[in-house]
Amino acid sequence: MLEGFETVPMARDGVALQVRRAGQGAPLLLLHGHPQSQAMWHRVAPQLAARFSVVLMDLRGYGDSGRPAAGEQSAAYAKREMARDALHVMRTLGHDRFQVLAHDRGGRVAHRLALDHPQAVQRLLLLDIAPTLAMYRNTTEAFARAYWHWFFLIQPPPLPEALIESGPARYIRSLMGKRHAGLSAFAPGALAEYERCAAIPGTAQAVCGD
């Protein structure tokens, strides 16, 4: 879906990281949300590449990046660990200081990146990121119905993992289709890409770890 973007093989501490880049200019890192991948930027990234050196990466556990075992307290999917992935990607590409555009879970990674490595983040733009703890403490029925996956994914294993694995495409469509715009907001190619990646072995364990 991202024609014109070069794929750059990369890994950190044995975890493969799916990275693409295109364009020239100031470096700009794009981080996706749950349960998506870098494909979510397919309409935006080519336009940004006309002005910036755009870097796309799949967060660990998503897209075509690696799916390490979560470990104790899901340490492998800590936002601090994912932020180190992002920093490694940008430094490997020669960008010691860069801008970040991030959505949802990617926004949390970007928060951690800016807190832990302020010298690297020049500017930060976050989309659709909520104060999780405050929202849990002030839950209403409407919120619980709209964000049911928050409560589902934090259940102890193996229940959420088993249910996701029983129908990865169903999980994608149920989660992404229940918002106000429904599935019509997603390009068929992007939706197919999310469904393909959700079916990769280890995805359920990874996203629950996240």
# chains A, B, ... in the order shown; residues from 1 in each chain; ligands from 1

$ residues_around --residues "segment 69-73 of chain A" --least-positions-apart "5" --cutoff "9 Å" --atoms "only C-alpha atoms" --output "ChimeraX atom specification"
/A:78,202,205-206,208-210

$ write_last_selection --atoms "N, CA and C atoms" --output "compact mmCIF listing (two decimals), in the first residue's frame"
# COMPACT_ATOMS: atom_id res chain seq x y z
N ALA A 78 6.69 -3.09 27.31
CA ALA A 78 6.67 -1.81 28.01
C ALA A 78 6.89 -0.68 27.02
N GLY A 202 1.34 -15.53 17.22
CA GLY A 202 1.93 -14.73 18.29
C GLY A 202 1.31 -13.35 18.46
N GLN A 205 -0.94 -12.88 21.72
CA GLN A 205 -0.13 -12.75 22.93
C GLN A 205 0.57 -11.40 22.98
N ALA A 206 1.01 -10.93 21.82
CA ALA A 206 1.72 -9.66 21.76
C ALA A 206 0.81 -8.48 22.10
N CYS A 208 -1.99 -8.46 23.71
CA CYS A 208 -2.40 -8.51 25.11
C CYS A 208 -1.25 -8.07 26.01
N GLY A 209 -0.03 -8.44 25.65
CA GLY A 209 1.13 -7.97 26.39
C GLY A 209 1.26 -6.47 26.33
N ASP A 210 0.97 -5.91 25.15
CA ASP A 210 1.00 -4.46 24.98
C ASP A 210 -0.07 -3.82 25.86

$ select_by_dssp --residues "segment 145-203 of chain A" --states "alpha helix (DSSP H)" --output "ChimeraX atom specification"
/A:145-146,148-153,159-165,168-177,188-198,203

$ atom_distance --atom1 "atom CA of Arg60 of chain A" --atom2 "atom CA of Val109 of chain A"
11.0 Å

$ residues_around --residues "segment 104-108 of chain A" --least-positions-apart "2" --cutoff "12 Å" --atoms "only C-alpha atoms" --output "MDAnalysis selection string"
chainID A and resid 29:38 40 56:62 77:83 85:86 100:102 110:115 124:132 150 207 210

$ write_last_selection --atoms "C-alpha atoms" --output "mmCIF file, in the first residue's frame"
data_model
loop_
_atom_site.group_PDB
_atom_site.id
_atom_site.type_symbol
_atom_site.label_atom_id
_atom_site.label_comp_id
_atom_site.auth_asym_id
_atom_site.auth_seq_id
_atom_site.Cartn_x
_atom_site.Cartn_y
_atom_site.Cartn_z
ATOM 1 C CA LEU A 29 8.765 9.304 12.509
ATOM 2 C CA LEU A 30 5.190 7.969 12.277
ATOM 3 C CA LEU A 31 3.907 5.520 14.919
ATOM 4 C CA HIS A 32 0.594 3.674 14.552
ATOM 5 C CA GLY A 33 -2.056 2.568 17.037
ATOM 6 C CA HIS A 34 -3.863 -0.631 18.052
ATOM 7 C CA PRO A 35 -4.734 -2.906 16.271
ATOM 8 C CA GLN A 36 -3.192 -1.371 13.189
ATOM 9 C CA SER A 37 0.235 -1.149 11.555
ATOM 10 C CA GLN A 38 2.157 1.383 9.518
ATOM 11 C CA MET A 40 -2.707 3.217 8.684
ATOM 12 C CA LEU A 56 7.341 4.320 9.241
ATOM 13 C CA MET A 57 7.737 1.451 11.656
ATOM 14 C CA ASP A 58 5.524 -1.326 12.969
ATOM 15 C CA LEU A 59 5.609 -1.408 16.752
ATOM 16 C CA ARG A 60 6.824 -4.729 18.157
ATOM 17 C CA GLY A 61 3.879 -7.112 18.273
ATOM 18 C CA TYR A 62 2.153 -5.446 15.335
ATOM 19 C CA TYR A 77 5.997 -4.620 25.575
ATOM 20 C CA ALA A 78 6.669 -1.807 28.015
ATOM 21 C CA LYS A 79 6.407 1.567 26.325
ATOM 22 C CA ARG A 80 9.971 2.298 27.440
ATOM 23 C CA GLU A 81 11.132 -0.772 25.486
ATOM 24 C CA MET A 82 9.152 0.246 22.406
ATOM 25 C CA ALA A 83 10.550 3.767 22.669
ATOM 26 C CA ASP A 85 13.019 0.491 19.358
ATOM 27 C CA ALA A 86 11.968 3.796 17.824
ATOM 28 C CA VAL A 100 7.246 12.388 15.800
ATOM 29 C CA LEU A 101 3.624 11.960 14.711
ATOM 30 C CA ALA A 102 1.922 9.202 16.697
ATOM 31 C CA ALA A 110 6.006 8.631 21.742
ATOM 32 C CA HIS A 111 5.281 9.988 25.236
ATOM 33 C CA ARG A 112 7.869 7.616 26.686
ATOM 34 C CA LEU A 113 10.319 8.450 23.903
ATOM 35 C CA ALA A 114 10.069 12.171 24.647
ATOM 36 C CA LEU A 115 10.374 11.652 28.405
ATOM 37 C CA LEU A 124 5.724 15.779 19.043
ATOM 38 C CA LEU A 125 2.151 15.498 17.747
ATOM 39 C CA LEU A 126 -0.164 12.965 19.398
ATOM 40 C CA LEU A 127 -3.490 11.791 17.954
ATOM 41 C CA ASP A 128 -6.278 10.014 19.860
ATOM 42 C CA ILE A 129 -4.456 9.374 23.124
ATOM 43 C CA ALA A 130 -6.421 9.321 26.376
ATOM 44 C CA PRO A 131 -5.530 9.480 30.107
ATOM 45 C CA THR A 132 -6.081 5.782 30.745
ATOM 46 C CA TRP A 150 -9.566 -2.017 27.160
ATOM 47 C CA VAL A 207 -1.235 -7.273 21.718
ATOM 48 C CA ASP A 210 1.004 -4.465 24.976
#

$ select_by_dssp --residues "segment 9-181 of chain A" --states "strand (DSSP E or B)" --output "PyMOL selection string"
chain A and resi 9-12+15-22+26-31+52-57+98-103+121-127
